[in-house]
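Visitor: Encoded as structure tokens, here's the structure I'll be asking about.
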Amino acid sequence: MKIEGEQGKSKKYGMVIDLDKCTGCGACMVACMAENNVPFKQDESDKRLSITWMRVYQLTNGKAFPDADICYLPRPCQHCEGMHEGHSPCVSVCPATATDYDAQTGIVSQIYTRCFGCRYCMAACPYHARHFNWWDPVWPEGMEKYLNPDVSVRMRGIVEKCGFCFSRYQKAMEKAHYEGRRELEELEYQTACTQACPAGAIVFGDLNNPQHRVHQLAQPDPRRRGRPGNPKAFRLLEELQTYPKVYYLSSREWVHKAGHKAELIKEAGAHH
Amino acid sequence: MDSALIPKGVKRCPIWQFALGLGIVGAVLLWGVYAMLLCWFKGLNQTNMNDYYGFALWIWADLAVIALGGGAFFTGLLRYVIGKDELKNIINYAVLIGFICYSSALLILAIDIGQPLRGWFIFWHANVHSMLTEVAFCLSCYFGVLTIEYLPLVLENRQLDKVPFVHNLTHTMHEHMAIFAATGAFLSFFHQGSLGGVAGVLFGRPFAYREHLFIWPWTFFLFTWSAAAFGPCFTLLVTRITERIAGKKLVKDNVVQLLAKISGWMMFTYIIAKILDTAYWAFTTAPSLGFTLKDFYGTNGFYNYGWLVAEIIVGGLIPALMLITPKIRANRGMLTLATVLAVIGVCLNRWVMVLQVMAAPVMTFDEWALYVPSWQEVATTILPVAYGVILIMISYRYLPIFPQEAELNPITPEDAEGVQASGDSEPVLATAQA
């Protein structure tokens, strides 16, 4: 269902990440944590306890030198649309409506003050994009003064995740409304990771808008629930019908294969 | 000392022995309570759960006790709705076990959630599309029904029963018990099913995901079916354990045989459905999502094909065949073995549908995630067991749980003297002989 209210036409904000450009520097992860007041601990060696809204995976093709190849894959929340709009794996299971699919933006939100920490959404997410606050956040002395005032900090016992820097969207919309506009320019709303990426590997915008770079790069086919038209593009685990709004670009076939299970590759293989 | 509270016509162990047993189990209970308080006050960082294992030991225990507690609703259905009158001799115990299982499940959930003080949000901000919402509503309602079913038993205590109002209330409640039994069966169908649905709807987790019939995945029906089939086995097993500890027969053979036979046929039909479900999932559903059976069982040393064999054959088909074969069922040892295998089988099923779902990698560059629970998790999982043992000890001592006990174990003159010497002025022997 499309909602065309006072905010104008419904958007489908999404991301395109060029894996051939990503150097694995981790700037996106740092920017994400700073922007969103993501807590951290002294010991972050156990990655299954680390809160990383944006996590960069290192993939290898498993071959020995000189054929060895590496790819870094940044993984934010995939903001899945699901089999019908809003039927994301996590949104459909949350018992307290603490995570929601915004039909105006396509963003999967998390309502921290409503989440009671059952963790069903974490079990439902195949991308491990959701993180639980096992501890209360403890900021190094003085750092609390540097927290982003636009983003609420979270308490122990609830789940959090990437929200495509939703506070930036709200701020941009406030400014637009103040100026008497209903629509945002492409660059008015950009995520922190996009802006921090030194290689320009991350592109963000409205997938419904042909003027936006994400649309041009991914070439989503609305009749096939956003399947990419660009043969270089793929989505993670396309076969599960989660229909993510994060697209990956690569000219390397083994990287495409790492993106989803073997059976679908045969179909995707026809593209490249 | 407490003989005035002990039901007429039955013999109980001396109070010191009872207190000693209570003390030992109470110590285990306190250990669990300490761990529970640690989790509540310090948070879930006391566990070894992590972002891969959001569901872990507790949720398995939760699902397992609810399945095992299924004996209450199914025996109630058989006794009050279908009219298997013999089962009136075991229904009290089935209800008590169900009450323990369900109250334990609610306690586990209260410990498991990250913000326990917000637990009521599941009712207030209910997402009607979530299986967990359905679980919460039906589980709470059914616990209310179980309390109503257990209450008359408590009120039948010898001293309470002397109060005319209480006596009449108990009588009236017994008269209307069929309504509660039917309500309980209805509610159980949905919450047992929605617990199965919790895993079955996870379309992002091909290990758990199942095809749907209308809005319900097949696991919905399999969970209800298995709880009805395996729950009575747990009732029979706990009855057997109680008999061994008490050192006497408490339920007549014809009652045990009837429940075992029905349970066996339920298990047999369930296991056929489970095999069909597994085959369809392995050869149709999972491949359509890009996975093969080898991805789930052939790439990890711990979760190997042995789990499938253990759950379906050893814990399902074999006990089912044992229970539907009259000769084997009539043998007390074999009957106990079958119930033990069945209980292990259903617990394995719930384990697989919780823990293996979390363990199996979905992204191609992900790895199997194994986890070992912390002592706090183990202690809080044992806590309900200790609580259950204590409630059974108290209920068995002071309430007329087993209607056939007095008839099966007539009190000898020596026993009667012993009881009377302890201060009971009631004519115990006369009651027993009557």
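How things are named: the first chain in the structure tokens is A, the next is B, and so on; residues count from 1 in each chain; ligands count from 1 in the order shown.
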I'd like to know which residues of region 88-258 of chain A are strand (DSSP E) (by DSSP, run on the backbone); could you write them as JSON, numbers by chain?
Guide: {"A": [99, 100, 101, 108, 109, 110, 130, 131, 132, 159, 160, 161, 202, 203, 204, 205, 206, 220, 221, 227, 228, 233, 234, 246, 247, 248, 249]}
Visitor: Taking only residues of chain A that have an atom at most 7 Å from an atom of chain B, what is each one's shortest atom pair and its distance in Å to one decimal, using only C-alpha atoms, in chain and number order, as CSV?
Guide:
residue,atom,partner,partner_atom,distance
A:Arg48,CA,B:Asp51,CA,5.3
A:Leu49,CA,B:Asn50,CA,5.5
A:Leu59,CA,B:Phe365,CA,6.9
A:Pro89,CA,B:Gly204,CA,6.2
A:Ser92,CA,B:Ser130,CA,6.1
A:Val93,CA,B:Ser130,CA,4.5
A:Cys94,CA,B:Ser130,CA,6.0
A:Pro95,CA,B:Thr133,CA,5.0
A:Ala96,CA,B:Ile122,CA,4.8
A:Thr97,CA,B:Asn127,CA,5.2
A:Phe116,CA,B:Gln115,CA,4.8
A:Gly117,CA,B:Gly114,CA,4.2
A:Cys118,CA,B:Ile113,CA,4.9
A:Arg119,CA,B:Gly54,CA,5.5
A:Met122,CA,B:Gly54,CA,6.3
A:Ala123,CA,B:Gly54,CA,6.2
A:Ala124,CA,B:Leu202,CA,5.5
A:Cys125,CA,B:Gly204,CA,6.0
A:Pro126,CA,B:Gly204,CA,5.1
A:Tyr127,CA,B:Met363,CA,6.9
A:His131,CA,B:Asp51,CA,5.7
A:Phe132,CA,B:Asp51,CA,6.3
A:Trp134,CA,B:Asn45,CA,5.0
A:Trp135,CA,B:Asn45,CA,6.3
A:Gly157,CA,B:Gly114,CA,3.7
A:Ile158,CA,B:Gly114,CA,6.0
A:Leu237,CA,B:Met363,CA,6.9
A:Glu239,CA,B:Leu289,CA,5.4
A:Leu240,CA,B:Leu289,CA,5.5
A:Thr242,CA,B:Gly204,CA,7.0
A:Ala258,CA,B:Thr364,CA,5.6
A:Gly259,CA,B:Thr364,CA,6.8
A:His260,CA,B:Thr364,CA,6.5
A:Lys261,CA,B:Gly290,CA,5.1
A:Ala262,CA,B:Gly290,CA,6.4
A:Glu263,CA,B:Gly290,CA,5.4
A:Leu264,CA,B:Gly290,CA,6.9
Visitor: From the list A:Asn230, A:Glu186, A:His256, A:Ser88, which residue is nearest Asn209 (chain A) when using only C-alpha atoms?
Guide: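 Between A:Asn230, A:Glu186, A:His256, A:Ser88, the residue approaching Asn209 (chain A) most closely is A:Glu186.
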Visitor: When DSSP works through the backbone of this structure, what residues of region 18-66 of chain B end up as alpha helix (DSSP H), shown as a ChimeraX atom specification?
Guide: /B:18-42,57-66
Visitor: Mind checking which residues fall within 7 Å of region 150-152 of chain A, counting only C-alpha atoms, ignoring those fewer than 5 positions away in the same chain, and posting them as a list in words?
Guide: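 What passes the distance filter is Asn36, Asn37 and Ser167 of chain A.
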Visitor: I'd like the neighbourhood of Gln190 (chain A) as a ChimeraX atom specification, where a residue qualifies if any of its atoms comes within 9 Å (using only C-alpha atoms), though same-chain residues fewer than 2 positions away should be ignored.
Guide: /A:164-165,168-169,186-188,192-195,203-205
Visitor: To one decimal place in Å, what is the distance between CA of Leu391 (chain B) and CA of Ser3 (chain B)?
Guide: 18.3 Å
Visitor: Grab the CA of Thr269 (chain B) to CA of Gly196 (chain B) distance for me, in Å with one decimal place.
Guide: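 These two atoms are separated by 17.6 Å.
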Visitor: With distances taken over only C-alpha atoms, which of B:Val65, B:Ala105, B:Ala35, B:Ala260 is nearest to Ile328 (chain B)?
Guide: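 Of B:Val65, B:Ala105, B:Ala35, B:Ala260, the one nearest Ile328 (chain B) is B:Ala260, counting only C-alpha atoms.
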Visitor: Residues of region 133-209 of chain A that approach region 75-78 of chain A to 8 Å or less, counting only C-alpha atoms: could you list each one with the shortest pair of atoms and its distance in Å to one decimal, rows by chain and increasing residue number, as a tab-separated table?
Guide:
residue	atom	partner	partner_atom	distance
A:Lys161	CA	A:Cys77	CA	6.8
A:Cys162	CA	A:Cys77	CA	5.4
A:Gly163	CA	A:Cys77	CA	7.3
Visitor: Could you save those same residues with N, CA and C atoms as a CSV table (one decimal), in the first residue's frame?
Guide:
chain,number,residue,atom,x,y,z
A,161,LYS,N,19.2,-1.2,16.5
A,161,LYS,CA,19.7,-1.5,15.1
A,161,LYS,C,19.8,-0.2,14.3
A,162,CYS,N,20.4,-0.3,13.1
A,162,CYS,CA,20.5,0.8,12.2
A,162,CYS,C,19.1,1.2,11.8
A,163,GLY,N,18.9,2.6,11.8
A,163,GLY,CA,17.6,3.1,11.3
A,163,GLY,C,17.8,4.1,10.2
Visitor: Do a neighbour search on Arg397 (chain B) at 7 Å with only C-alpha atoms, toss out local chain neighbours closer than 4 positions, and write the hits as a PyMOL selection string.
Guide: chain B and resi 6+12+393
Visitor: What would the file look like if the residues just selected were written as a PDB file, in the first residue's frame with N, CA and C atoms?
Guide:
ATOM      1  N   ILE B   6      -3.346 -34.197  56.854  1.00  0.00           N
ATOM      2  CA  ILE B   6      -3.145 -35.291  55.895  1.00  0.00           C
ATOM      3  C   ILE B   6      -4.490 -35.925  55.542  1.00  0.00           C
ATOM      4  N   ARG B  12       1.443 -41.169  55.379  1.00  0.00           N
ATOM      5  CA  ARG B  12       2.524 -40.326  54.866  1.00  0.00           C
ATOM      6  C   ARG B  12       3.768 -40.520  55.716  1.00  0.00           C
ATOM      7  N   MET B 393       5.468 -32.347  46.417  1.00  0.00           N
ATOM      8  CA  MET B 393       5.633 -32.891  47.775  1.00  0.00           C
ATOM      9  C   MET B 393       4.517 -32.391  48.695  1.00  0.00           C
TER      10      MET B 393
END
Visitor: Point out the residue among B:Val372, B:Leu160, B:Ile148, B:Ala227 with the least atom-to-atom distance to Ser188 (chain B), counting only C-alpha atoms.
Guide: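 The closest residue to Ser188 (chain B) is B:Ala227.
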Visitor: Which value, in Å to one decimal, gives the distance between CA of Val238 (chain B) and CA of Met353 (chain B)?
Guide: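 Separating CA of Val238 (chain B) from CA of Met353 (chain B) is a distance of 24.7 Å.
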Visitor: Identify, on the basis of only C-alpha atoms, every residue whose closest approach to Gly226 (chain A) does not exceed 10 Å; exclude the query and any residue fewer than 3 positions from it along the same chain; express the result as number ranges by chain.
Guide: A: 81, 207-208, 218-223, 229, 235, 243-245, 247
Visitor: Find the spatial neighbours of Ala246 (chain B), counting only C-alpha atoms, within a cut-off of 10 Å - ignore same-chain residues fewer than 3 positions away - and output them as a PyMOL selection string.
Guide: chain B and resi 11-13+240-243+249-250+396
Visitor: Mind dumping the selected residues with N, CA and C atoms as a compact mmCIF listing (two decimals), in the first residue's frame?
Guide:
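Output file selection_24.txt is given in full below:
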# COMPACT_ATOMS: atom_id res chain seq x y z
N LYS B 11 -1.37 -43.00 54.35
CA LYS B 11 -0.23 -42.89 55.25
C LYS B 11 0.84 -42.02 54.59
N ARG B 12 1.44 -41.17 55.38
CA ARG B 12 2.52 -40.33 54.87
C ARG B 12 3.77 -40.52 55.72
N CYS B 13 4.90 -40.13 55.17
CA CYS B 13 6.16 -40.31 55.90
C CYS B 13 6.19 -39.37 57.12
N ARG B 240 4.86 -42.45 37.91
CA ARG B 240 5.71 -43.62 38.20
C ARG B 240 6.82 -43.24 39.20
N ILE B 241 7.44 -42.08 38.97
CA ILE B 241 8.51 -41.63 39.88
C ILE B 241 7.94 -41.42 41.28
N THR B 242 6.77 -40.80 41.33
CA THR B 242 6.12 -40.56 42.63
C THR B 242 5.84 -41.89 43.34
N GLU B 243 5.36 -42.85 42.57
CA GLU B 243 5.07 -44.17 43.15
C GLU B 243 6.34 -44.80 43.71
N LYS B 249 1.73 -48.15 45.17
CA LYS B 249 0.96 -47.91 43.95
C LYS B 249 -0.08 -46.83 44.22
N LEU B 250 -0.21 -45.90 43.29
CA LEU B 250 -1.12 -44.79 43.51
C LEU B 250 -2.27 -44.74 42.49
N TYR B 396 1.01 -33.67 47.45
CA TYR B 396 0.83 -35.11 47.69
C TYR B 396 0.59 -35.38 49.17
